[in-house]
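Okay, entry-v4.cif now, which holds mmCIF, C-alpha atoms and all ligand atoms:
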```
data_target
#
loop_
_atom_site.group_PDB
_atom_site.id
_atom_site.type_symbol
_atom_site.label_atom_id
_atom_site.label_comp_id
_atom_site.auth_asym_id
_atom_site.auth_seq_id
_atom_site.Cartn_x
_atom_site.Cartn_y
_atom_site.Cartn_z
ATOM 1 C CA MET A 26 101.964 14.565 -10.507
ATOM 2 C CA GLU A 27 103.290 12.229 -13.169
ATOM 3 C CA LYS A 28 101.275 9.036 -13.608
ATOM 4 C CA ILE A 29 103.203 5.835 -14.117
ATOM 5 C CA VAL A 30 100.140 3.609 -14.440
ATOM 6 C CA ILE A 31 96.741 4.403 -15.890
ATOM 7 C CA VAL A 32 94.220 1.582 -16.072
ATOM 8 C CA ARG A 33 90.769 2.064 -17.554
ATOM 9 C CA ASN A 34 87.888 -0.377 -17.331
ATOM 10 C CA LEU A 35 90.136 -3.373 -17.129
ATOM 11 C CA VAL A 36 88.316 -6.665 -17.516
ATOM 12 C CA LYS A 37 89.938 -10.068 -17.503
ATOM 13 C CA ILE A 38 87.987 -13.208 -18.217
ATOM 14 C CA TYR A 39 89.731 -16.560 -18.162
ATOM 15 C CA GLU A 40 87.862 -18.717 -20.604
ATOM 16 C CA GLY A 41 87.324 -22.362 -19.874
ATOM 17 C CA LYS A 42 84.560 -24.873 -19.300
ATOM 18 C CA VAL A 43 83.357 -22.253 -16.881
ATOM 19 C CA ASP A 44 84.530 -18.694 -17.539
ATOM 20 C CA THR A 45 86.134 -16.880 -14.621
ATOM 21 C CA VAL A 46 85.761 -13.124 -14.453
ATOM 22 C CA ALA A 47 88.987 -12.307 -12.610
ATOM 23 C CA LEU A 48 88.854 -8.512 -13.024
ATOM 24 C CA LYS A 49 85.545 -6.672 -13.341
ATOM 25 C CA GLY A 50 86.324 -3.229 -14.710
ATOM 26 C CA ILE A 51 89.297 -1.919 -12.757
ATOM 27 C CA ASN A 52 90.130 1.792 -12.880
ATOM 28 C CA LEU A 53 93.412 2.815 -11.321
ATOM 29 C CA GLU A 54 95.993 5.567 -11.498
ATOM 30 C CA LEU A 55 99.377 5.362 -9.805
ATOM 31 C CA ASP A 56 101.736 8.279 -9.318
ATOM 32 C CA LYS A 57 105.360 7.841 -10.217
ATOM 33 C CA GLY A 58 107.865 7.329 -7.426
ATOM 34 C CA TYR A 59 105.795 5.689 -4.686
ATOM 35 C CA VAL A 60 105.417 2.263 -3.111
ATOM 36 C CA TYR A 61 101.943 0.766 -3.533
ATOM 37 C CA ALA A 62 100.358 -2.306 -2.016
ATOM 38 C CA ILE A 63 97.737 -4.438 -3.699
ATOM 39 C CA TYR A 64 95.980 -6.243 -0.932
ATOM 40 C CA GLY A 65 93.193 -8.772 -0.857
ATOM 41 C CA GLN A 66 92.039 -12.310 -0.303
ATOM 42 C CA SER A 67 93.193 -15.290 -2.284
ATOM 43 C CA GLY A 68 91.470 -15.302 -5.660
ATOM 44 C CA SER A 69 90.598 -11.591 -5.555
ATOM 45 C CA GLY A 70 92.575 -10.892 -8.759
ATOM 46 C CA LYS A 71 95.858 -9.492 -7.445
ATOM 47 C CA THR A 72 98.188 -11.604 -9.576
ATOM 48 C CA THR A 73 95.978 -11.178 -12.621
ATOM 49 C CA LEU A 74 96.161 -7.394 -12.268
ATOM 50 C CA LEU A 75 99.903 -7.380 -11.684
ATOM 51 C CA ASN A 76 100.575 -9.667 -14.653
ATOM 52 C CA ILE A 77 98.549 -7.435 -16.964
ATOM 53 C CA LEU A 78 100.351 -4.308 -15.704
ATOM 54 C CA GLY A 79 103.649 -6.007 -16.485
ATOM 55 C CA GLY A 80 102.651 -7.195 -19.929
ATOM 56 C CA LEU A 81 102.785 -10.848 -18.910
ATOM 57 C CA ASP A 82 99.125 -11.299 -19.719
ATOM 58 C CA LYS A 83 96.559 -9.595 -21.963
ATOM 59 C CA PRO A 84 93.309 -8.041 -20.803
ATOM 60 C CA THR A 85 89.961 -9.091 -22.216
ATOM 61 C CA GLN A 86 88.867 -5.461 -22.251
ATOM 62 C CA GLY A 87 90.136 -2.076 -21.169
ATOM 63 C CA LYS A 88 93.187 0.066 -21.526
ATOM 64 C CA ILE A 89 96.598 -0.016 -19.824
ATOM 65 C CA ILE A 90 99.184 2.713 -19.953
ATOM 66 C CA VAL A 91 102.477 2.152 -18.162
ATOM 67 C CA GLY A 92 105.150 4.833 -18.168
ATOM 68 C CA ASN A 93 103.551 6.829 -21.017
ATOM 69 C CA GLN A 94 103.278 3.728 -23.173
ATOM 70 C CA ASP A 95 99.935 2.248 -24.144
ATOM 71 C CA ILE A 96 100.624 -1.470 -23.864
ATOM 72 C CA THR A 97 97.034 -2.612 -24.451
ATOM 73 C CA HIS A 98 97.571 -3.729 -28.011
ATOM 74 C CA LEU A 99 101.301 -4.387 -28.185
ATOM 75 C CA ASP A 100 102.278 -7.548 -30.019
ATOM 76 C CA SER A 101 104.311 -10.183 -28.214
ATOM 77 C CA LYS A 102 107.650 -8.922 -29.515
ATOM 78 C CA ASN A 103 107.043 -5.359 -28.347
ATOM 79 C CA LEU A 104 105.611 -6.617 -25.064
ATOM 80 C CA ALA A 105 108.851 -8.536 -24.503
ATOM 81 C CA ILE A 106 110.827 -5.343 -25.120
ATOM 82 C CA PHE A 107 108.500 -3.444 -22.781
ATOM 83 C CA ARG A 108 108.989 -6.014 -20.004
ATOM 84 C CA ASN A 109 112.737 -6.106 -20.410
ATOM 85 C CA THR A 110 113.296 -2.346 -20.503
ATOM 86 C CA LYS A 111 110.561 -0.843 -18.322
ATOM 87 C CA VAL A 112 109.569 -3.416 -15.723
ATOM 88 C CA GLY A 113 111.294 -5.354 -12.977
ATOM 89 C CA PHE A 114 109.581 -8.505 -11.732
ATOM 90 C CA ILE A 115 109.926 -10.106 -8.328
ATOM 91 C CA PHE A 116 107.984 -13.258 -7.479
ATOM 92 C CA GLN A 117 107.365 -15.322 -4.370
ATOM 93 C CA PHE A 118 109.792 -17.905 -5.689
ATOM 94 C CA HIS A 119 112.935 -16.291 -6.948
ATOM 95 C CA TYR A 120 113.344 -18.244 -10.221
ATOM 96 C CA LEU A 121 117.110 -17.915 -10.184
ATOM 97 C CA ILE A 122 118.721 -20.435 -12.492
ATOM 98 C CA SER A 123 120.765 -23.003 -10.553
ATOM 99 C CA GLU A 124 123.340 -23.514 -13.304
ATOM 100 C CA PHE A 125 124.424 -19.862 -13.220
ATOM 101 C CA THR A 126 126.129 -17.895 -10.467
ATOM 102 C CA ILE A 127 124.261 -15.164 -8.623
ATOM 103 C CA PHE A 128 126.222 -12.598 -10.641
ATOM 104 C CA GLU A 129 125.318 -14.270 -13.950
ATOM 105 C CA ASN A 130 121.665 -14.488 -12.923
ATOM 106 C CA ILE A 131 121.607 -10.803 -12.055
ATOM 107 C CA ILE A 132 123.081 -9.615 -15.340
ATOM 108 C CA MET A 133 120.803 -11.801 -17.484
ATOM 109 C CA PRO A 134 118.162 -9.120 -18.209
ATOM 110 C CA ALA A 135 120.969 -6.758 -19.260
ATOM 111 C CA ALA A 136 122.494 -9.428 -21.484
ATOM 112 C CA ILE A 137 119.109 -10.077 -23.093
ATOM 113 C CA ARG A 138 118.661 -6.379 -23.642
ATOM 114 C CA GLY A 139 122.090 -6.043 -25.169
ATOM 115 C CA GLY A 140 123.622 -2.874 -26.535
ATOM 116 C CA LYS A 141 122.276 -0.352 -24.052
ATOM 117 C CA TYR A 142 125.021 -0.790 -21.466
ATOM 118 C CA SER A 143 128.606 -1.917 -21.841
ATOM 119 C CA TYR A 144 129.748 -4.895 -19.796
ATOM 120 C CA SER A 145 131.714 -2.659 -17.441
ATOM 121 C CA GLN A 146 128.671 -0.429 -16.902
ATOM 122 C CA VAL A 147 126.583 -3.491 -16.075
ATOM 123 C CA LYS A 148 129.276 -4.756 -13.734
ATOM 124 C CA ASN A 149 129.438 -1.401 -11.963
ATOM 125 C CA ARG A 150 125.690 -1.450 -11.556
ATOM 126 C CA VAL A 151 125.771 -4.921 -10.031
ATOM 127 C CA VAL A 152 128.424 -3.771 -7.575
ATOM 128 C CA GLU A 153 126.419 -0.678 -6.650
ATOM 129 C CA LEU A 154 123.158 -2.595 -6.205
ATOM 130 C CA ALA A 155 124.838 -5.535 -4.469
ATOM 131 C CA LYS A 156 126.172 -3.100 -1.880
ATOM 132 C CA ILE A 157 122.682 -1.719 -1.204
ATOM 133 C CA LEU A 158 121.227 -5.247 -1.087
ATOM 134 C CA ASP A 159 124.115 -6.670 0.957
ATOM 135 C CA ILE A 160 124.879 -9.551 -1.406
ATOM 136 C CA GLU A 161 128.419 -8.595 -2.451
ATOM 137 C CA GLU A 162 129.931 -11.716 -0.884
ATOM 138 C CA ILE A 163 127.673 -14.165 -2.692
ATOM 139 C CA LEU A 164 127.952 -12.894 -6.274
ATOM 140 C CA GLY A 165 130.251 -15.758 -7.246
ATOM 141 C CA LYS A 166 128.159 -18.452 -5.590
ATOM 142 C CA TYR A 167 125.425 -20.615 -7.055
ATOM 143 C CA PRO A 168 121.790 -20.032 -5.943
ATOM 144 C CA ASP A 169 121.440 -23.443 -4.306
ATOM 145 C CA TYR A 170 124.308 -22.615 -1.941
ATOM 146 C CA VAL A 171 123.067 -19.368 -0.411
ATOM 147 C CA SER A 172 120.227 -18.604 2.021
ATOM 148 C CA GLY A 173 116.603 -17.959 1.066
ATOM 149 C CA GLY A 174 116.869 -14.317 2.056
ATOM 150 C CA GLN A 175 120.037 -13.920 -0.031
ATOM 151 C CA ARG A 176 118.345 -15.551 -3.021
ATOM 152 C CA GLN A 177 115.417 -13.155 -2.793
ATOM 153 C CA ARG A 178 117.770 -10.182 -2.542
ATOM 154 C CA ALA A 179 119.595 -11.476 -5.613
ATOM 155 C CA ALA A 180 116.240 -11.645 -7.410
ATOM 156 C CA ILE A 181 115.595 -8.031 -6.405
ATOM 157 C CA CYS A 182 118.998 -7.084 -7.789
ATOM 158 C CA ARG A 183 118.139 -8.826 -11.072
ATOM 159 C CA ALA A 184 114.816 -6.962 -11.204
ATOM 160 C CA LEU A 185 116.668 -3.650 -10.896
ATOM 161 C CA ILE A 186 119.560 -4.249 -13.268
ATOM 162 C CA ASN A 187 117.923 -2.605 -16.304
ATOM 163 C CA GLU A 188 116.833 0.424 -14.261
ATOM 164 C CA PRO A 189 113.092 -0.211 -14.612
ATOM 165 C CA ASP A 190 110.562 2.576 -14.098
ATOM 166 C CA ILE A 191 108.410 0.222 -12.110
ATOM 167 C CA VAL A 192 108.964 -2.933 -10.085
ATOM 168 C CA LEU A 193 106.080 -5.390 -9.774
ATOM 169 C CA ALA A 194 106.399 -7.780 -6.864
ATOM 170 C CA ASP A 195 103.952 -10.658 -6.344
ATOM 171 C CA GLU A 196 104.063 -11.873 -2.731
ATOM 172 C CA PRO A 197 107.796 -11.143 -2.604
ATOM 173 C CA THR A 198 108.029 -12.085 1.050
ATOM 174 C CA GLY A 199 105.562 -14.976 0.950
ATOM 175 C CA ASN A 200 108.375 -17.454 1.258
ATOM 176 C CA LEU A 201 110.471 -15.645 3.879
ATOM 177 C CA ASP A 202 110.569 -15.604 7.671
ATOM 178 C CA SER A 203 109.689 -12.407 9.510
ATOM 179 C CA GLU A 204 113.296 -11.261 9.793
ATOM 180 C CA ASN A 205 113.942 -11.581 6.065
ATOM 181 C CA THR A 206 110.538 -10.117 5.287
ATOM 182 C CA LYS A 207 111.528 -6.970 7.125
ATOM 183 C CA ILE A 208 114.889 -6.850 5.356
ATOM 184 C CA VAL A 209 113.284 -7.181 1.919
ATOM 185 C CA VAL A 210 110.542 -4.630 2.578
ATOM 186 C CA ASP A 211 113.038 -2.148 4.000
ATOM 187 C CA LEU A 212 115.102 -2.605 0.846
ATOM 188 C CA PHE A 213 112.122 -1.770 -1.372
ATOM 189 C CA PHE A 214 111.691 1.475 0.500
ATOM 190 C CA LYS A 215 115.408 2.189 0.401
ATOM 191 C CA ILE A 216 115.601 1.656 -3.363
ATOM 192 C CA ASN A 217 112.461 3.714 -3.832
ATOM 193 C CA LYS A 218 114.131 6.528 -1.939
ATOM 194 C CA VAL A 219 117.547 6.263 -3.578
ATOM 195 C CA LYS A 220 116.421 5.559 -7.156
ATOM 196 C CA GLY A 221 112.854 6.862 -7.243
ATOM 197 C CA THR A 222 111.647 3.516 -8.563
ATOM 198 C CA THR A 223 107.910 2.896 -8.265
ATOM 199 C CA PHE A 224 106.983 -0.368 -6.526
ATOM 200 C CA VAL A 225 103.727 -2.274 -6.680
ATOM 201 C CA ILE A 226 103.710 -4.992 -4.057
ATOM 202 C CA VAL A 227 101.065 -7.690 -3.947
ATOM 203 C CA THR A 228 100.775 -8.865 -0.384
ATOM 204 C CA HIS A 229 98.559 -10.612 2.145
ATOM 205 C CA ASN A 230 100.601 -8.987 4.888
ATOM 206 C CA GLU A 231 98.672 -6.141 6.450
ATOM 207 C CA ASN A 232 101.780 -4.689 8.110
ATOM 208 C CA ILE A 233 103.477 -4.324 4.753
ATOM 209 C CA ALA A 234 100.341 -2.923 3.130
ATOM 210 C CA ASN A 235 100.011 -0.316 5.878
ATOM 211 C CA GLN A 236 103.583 0.871 5.355
ATOM 212 C CA CYS A 237 102.909 1.658 1.696
ATOM 213 C CA TYR A 238 101.871 4.981 0.243
ATOM 214 C CA GLN A 239 98.529 3.470 -0.751
ATOM 215 C CA LYS A 240 96.835 0.219 0.126
ATOM 216 C CA ILE A 241 94.660 -0.819 -2.792
ATOM 217 C CA GLU A 242 92.221 -3.486 -1.725
ATOM 218 C CA LEU A 243 90.752 -5.950 -4.211
ATOM 219 C CA ARG A 244 87.767 -8.183 -3.652
ATOM 220 C CA ASP A 245 86.263 -10.481 -6.269
ATOM 221 C CA GLY A 246 87.981 -8.638 -9.095
ATOM 222 C CA GLU A 247 87.033 -5.156 -7.986
ATOM 223 C CA ILE A 248 88.793 -2.395 -6.092
ATOM 224 C CA VAL A 249 86.754 -2.039 -2.923
ATOM 225 C CA LYS A 250 88.940 0.361 -0.993
ATOM 226 C CA ILE A 251 91.994 2.569 -1.392
ATOM 227 C CA VAL A 252 93.645 3.708 1.825
ATOM 228 C CA ASN A 253 96.095 6.603 1.717
ATOM 229 C CA ASN A 254 98.701 6.059 4.389
ATOM 230 C CA TYR A 255 100.390 9.442 4.085
HETATM 231 N N1 LIG B 1 95.196 -19.107 -15.701
HETATM 232 C C1 LIG B 1 93.982 -19.077 -15.148
HETATM 233 N N2 LIG B 1 92.946 -19.721 -15.709
HETATM 234 C C2 LIG B 1 91.719 -19.676 -15.185
HETATM 235 N N3 LIG B 1 91.404 -19.002 -14.068
HETATM 236 C C3 LIG B 1 92.391 -18.333 -13.461
HETATM 237 C C4 LIG B 1 93.733 -18.340 -13.952
HETATM 238 N N4 LIG B 1 94.502 -17.596 -13.128
HETATM 239 C C5 LIG B 1 93.686 -17.153 -12.167
HETATM 240 N N5 LIG B 1 92.419 -17.575 -12.360
HETATM 241 C C6 LIG B 1 91.240 -17.250 -11.528
HETATM 242 O O1 LIG B 1 91.095 -15.854 -11.506
HETATM 243 C C7 LIG B 1 90.758 -15.382 -10.197
HETATM 244 C C8 LIG B 1 91.843 -14.417 -9.718
HETATM 245 O O2 LIG B 1 93.068 -15.140 -9.562
HETATM 246 P P1 LIG B 1 94.425 -14.458 -9.106
HETATM 247 O O3 LIG B 1 95.500 -15.461 -9.301
HETATM 248 O O4 LIG B 1 94.565 -13.161 -9.798
HETATM 249 O O5 LIG B 1 94.142 -14.206 -7.546
HETATM 250 P P2 LIG B 1 95.122 -13.680 -6.394
HETATM 251 O O6 LIG B 1 94.421 -12.547 -5.736
HETATM 252 O O7 LIG B 1 96.476 -13.457 -6.917
HETATM 253 O O8 LIG B 1 95.124 -14.926 -5.387
HETATM 254 P P3 LIG B 1 96.323 -15.486 -4.440
HETATM 255 O O9 LIG B 1 96.371 -14.559 -3.256
HETATM 256 O O10 LIG B 1 95.818 -16.852 -4.047
HETATM 257 O O11 LIG B 1 97.567 -15.523 -5.223
HETATM 258 C C9 LIG B 1 90.603 -16.627 -9.353
HETATM 259 O O12 LIG B 1 89.241 -16.973 -9.311
HETATM 260 C C10 LIG B 1 91.402 -17.670 -10.093
HETATM 261 O O13 LIG B 1 90.881 -18.953 -9.855
HETATM 262 MG MG MG B 2 98.322 -14.361 -6.565
#
```
Have the structure of the file written as structure tokens, please.
Ligand SMILES: Nc1ncnc2c1ncn2[C@@H]1O[C@H](COP(=O)(O)OP(=O)(O)OP(=O)(O)O)[C@@H](O)[C@H]1O
Ligand SMILES: [Mg+2]
Amino acid sequence: MEKIVIVRNLVKIYEGKVDTVALKGINLELDKGYVYAIYGQSGSGKTTLLNILGGLDKPTQGKIIVGNQDITHLDSKNLAIFRNTKVGFIFQFHYLISEFTIFENIIMPAAIRGGKYSYSQVKNRVVELAKILDIEEILGKYPDYVSGGQRQRAAICRALINEPDIVLADEPTGNLDSENTKIVVDLFFKINKVKGTTFVIVTHNENIANQCYQKIELRDGEIVKIVNNY
């Protein structure tokens, strides 16, 4: 099976007055095309791991390969290209920009990327994704004037616009009620099925974690358990 993530001996130490060892030698391999959950208590290292996988942060030690690319030693310019072309990010708070419409927010990663797709291709992709995500009616609206669930679905659409190999989601439903949580999680699985996109979801929610292909449990910066759910 094709690996989309290979992590070897990953150590992350946040230096400060007191150093914090956030990750203590993580080894992990993820197969392409599945939905994974990273599960664990607050402070166990989930966000740290996700940020390093996405090239948002650098490890202190170890090796990270994502989608056949060794990102361990990429400089900041190449890391920015990696993030923009290979990874989709979804956070607990959507980080849509209030001054732009939902449509403009969604196409921003494609605009930053430039060149790869024509404007009409990008527009067609928004229409296709907006249909799946049920946000067609709000594309012309501004983020402050739509519901929380709609905003999060718009953020998912933005994460998918550049056709990433992998989507990294940090507590994507942490800010949603149970109804919208179900909608968002169902959409991850739908997109995974339709597009084959790999998802890594950081969550406290045991229900969500149990629905995933694997539940990877972190404690104090170490993987303590991996549960295969299929
Ligand atoms: N920028 C930082 N500087 C110093 N220490 C940090 C920093 N970010 C995280 N840490 C520490 O690293 C450890 C892991 O933090 P991390 O944010 O990865 O946990 P988490 O599992 O995502 O927690 P939560 O569920 O609360 O989001 C914690 O002890 C935290 O205090
Ligand atoms: Mg976190």
List as a PyMOL selection string the protein and nucleic acid residues lying within 12 Å of ligand LIG 1 (chain B), with only C-alpha atoms and all ligand atoms counted. chain A and resi 36-49+63-77+81-83+116-117+194-197+199+226-230+242-248
Identify, on the basis of all atoms listed in the file, every residue whose closest approach to A:Ile132 does not exceed 9 Å; exclude the query and any residue fewer than 4 positions from it along the same chain; express the result as a VMD selection string. chain A and resid 127 to 128 136 to 137 147 to 148 151 182 to 183 186 to 187
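Of the listed residues (A:Glu153, A:Glu129, A:Asp190, A:Glu161), A:Asp190 comes nearest to A:Thr223; the distances count all atoms listed in the file.
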What box, with edges along x, y and z, holds each listed atom of stretch 159-165 of chain A when 8 Å is added on every side, and can you state its centre and edge lengths in Å to one decimal, as AutoDock Vina command-line options?
```
--center_x 127.2 --center_y -11.2 --center_z -3.1 --size_x 22.1 --size_y 25.1 --size_z 24.2
```
Nearby residues (only C-alpha atoms) at most 10 Å from A:Leu121, same-chain spacing under 2 positions excluded, as a ChimeraX atom specification: /A:118-119,123-127,129-131,167-169,176-177,179-180,183
Shell around A:Asn254 at 12 Å using only C-alpha atoms, local window under 2 positions removed, as a ChimeraX atom specification: /A:59-62,232-241,251-252
With 6 Å as the threshold, what does the neighbourhood of (89.9, -2.2, -18.6) contain in terms of residues, counting only C-alpha atoms? Coordinates are those of the file; answer as a PyMOL selection string. chain A and resi 33-36+50-51+86-88
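Here the PyMOL selection byres (((chain A and resi 107) around 10) and not hetatm) matches the residues A:Gly79, A:Gly80, A:Val91, A:Gln94, A:Ile96, A:Leu99, A:Ser101, A:Lys102, A:Asn103, A:Leu104, A:Ala105, A:Ile106, A:Arg108, A:Asn109, A:Thr110, A:Lys111, A:Val112, A:Pro189.
Computed from the coordinates, the atom CA of A:Ile208 to atom CA of A:Phe224 distance equals 15.7 Å.
Here atom CA of A:Lys28 is placed at a distance of 9.2 Å from atom CA of A:Gly58.
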Grab the atom CA of A:Thr222 to atom CA of A:Val210 distance for me, in Å with one decimal place.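 About the pair atom CA of A:Thr222 and atom CA of A:Val210: they are 13.8 Å apart.
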Taking 3 positions as the minimum chain separation for residues in the same chain, which residues sit within 9 Å of A:Val30 when counting all atoms listed in the file? Answer as JSON, numbers by chain. {"A": [53, 54, 55, 56, 57, 78, 89, 90, 91, 92, 93]}
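Residues with any atom within 9 Å of the point (112.6, -19.3, 3.7), counting only C-alpha atoms, are Ser172, Gly173, Gly174, Thr198, Gly199, Asn200, Leu201, Asp202 and Asn205 of chain A.
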Which residue is closest to A:Ile181? Choose from A:Asp159, A:Asp100, A:Glu27, A:Asp95 and count all atoms listed in the file.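 For A:Ile181, the nearest of the given residues is A:Asp159.
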Some atoms are absent from stretch 141-160 of chain A, so rebuild N, CA and C atoms and return them as an mmCIF file, keeping the file's coordinate frame.
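Saved to selection14.cif:
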```cif
data_model
loop_
_atom_site.group_PDB
_atom_site.id
_atom_site.type_symbol
_atom_site.label_atom_id
_atom_site.label_comp_id
_atom_site.auth_asym_id
_atom_site.auth_seq_id
_atom_site.Cartn_x
_atom_site.Cartn_y
_atom_site.Cartn_z
ATOM 1 N N LYS A 141 122.506 -1.582 -24.822
ATOM 2 C CA LYS A 141 122.276 -0.352 -24.052
ATOM 3 C C LYS A 141 123.452 -0.023 -23.123
ATOM 4 N N TYR A 142 123.913 -1.024 -22.387
ATOM 5 C CA TYR A 142 125.021 -0.790 -21.466
ATOM 6 C C TYR A 142 126.223 -1.640 -21.872
ATOM 7 N N SER A 143 127.406 -1.106 -21.639
ATOM 8 C CA SER A 143 128.606 -1.917 -21.841
ATOM 9 C C SER A 143 128.732 -2.886 -20.671
ATOM 10 N N TYR A 144 129.569 -3.913 -20.862
ATOM 11 C CA TYR A 144 129.748 -4.895 -19.796
ATOM 12 C C TYR A 144 130.257 -4.238 -18.524
ATOM 13 N N SER A 145 131.173 -3.277 -18.659
ATOM 14 C CA SER A 145 131.714 -2.659 -17.441
ATOM 15 C C SER A 145 130.666 -1.797 -16.743
ATOM 16 N N GLN A 146 129.772 -1.183 -17.524
ATOM 17 C CA GLN A 146 128.671 -0.429 -16.902
ATOM 18 C C GLN A 146 127.754 -1.363 -16.123
ATOM 19 N N VAL A 147 127.451 -2.512 -16.737
ATOM 20 C CA VAL A 147 126.583 -3.491 -16.075
ATOM 21 C C VAL A 147 127.237 -3.982 -14.785
ATOM 22 N N LYS A 148 128.540 -4.267 -14.895
ATOM 23 C CA LYS A 148 129.276 -4.756 -13.734
ATOM 24 C C LYS A 148 129.273 -3.728 -12.600
ATOM 25 N N ASN A 149 129.471 -2.460 -12.974
ATOM 26 C CA ASN A 149 129.438 -1.401 -11.963
ATOM 27 C C ASN A 149 128.073 -1.304 -11.295
ATOM 28 N N ARG A 150 127.039 -1.505 -12.110
ATOM 29 C CA ARG A 150 125.690 -1.450 -11.556
ATOM 30 C C ARG A 150 125.440 -2.603 -10.588
ATOM 31 N N VAL A 151 125.922 -3.776 -10.944
ATOM 32 C CA VAL A 151 125.771 -4.921 -10.031
ATOM 33 C C VAL A 151 126.462 -4.607 -8.714
ATOM 34 N N VAL A 152 127.666 -4.075 -8.797
ATOM 35 C CA VAL A 152 128.424 -3.771 -7.575
ATOM 36 C C VAL A 152 127.674 -2.756 -6.721
ATOM 37 N N GLU A 153 127.147 -1.720 -7.375
ATOM 38 C CA GLU A 153 126.419 -0.678 -6.650
ATOM 39 C C GLU A 153 125.170 -1.252 -5.974
ATOM 40 N N LEU A 154 124.392 -2.028 -6.757
ATOM 41 C CA LEU A 154 123.158 -2.595 -6.205
ATOM 42 C C LEU A 154 123.455 -3.661 -5.147
ATOM 43 N N ALA A 155 124.491 -4.459 -5.406
ATOM 44 C CA ALA A 155 124.838 -5.535 -4.469
ATOM 45 C C ALA A 155 125.220 -4.957 -3.107
ATOM 46 N N LYS A 156 125.815 -3.769 -3.135
ATOM 47 C CA LYS A 156 126.172 -3.100 -1.880
ATOM 48 C C LYS A 156 124.897 -2.726 -1.127
ATOM 49 N N ILE A 157 123.946 -2.104 -1.836
ATOM 50 C CA ILE A 157 122.682 -1.719 -1.204
ATOM 51 C C ILE A 157 121.964 -2.964 -0.660
ATOM 52 N N LEU A 158 121.995 -4.038 -1.434
ATOM 53 C CA LEU A 158 121.227 -5.247 -1.087
ATOM 54 C C LEU A 158 122.007 -6.210 -0.189
ATOM 55 N N ASP A 159 123.257 -5.855 0.093
ATOM 56 C CA ASP A 159 124.115 -6.670 0.957
ATOM 57 C C ASP A 159 124.280 -8.109 0.438
ATOM 58 N N ILE A 160 124.617 -8.225 -0.839
ATOM 59 C CA ILE A 160 124.879 -9.551 -1.406
ATOM 60 C C ILE A 160 126.232 -9.596 -2.114
#
```
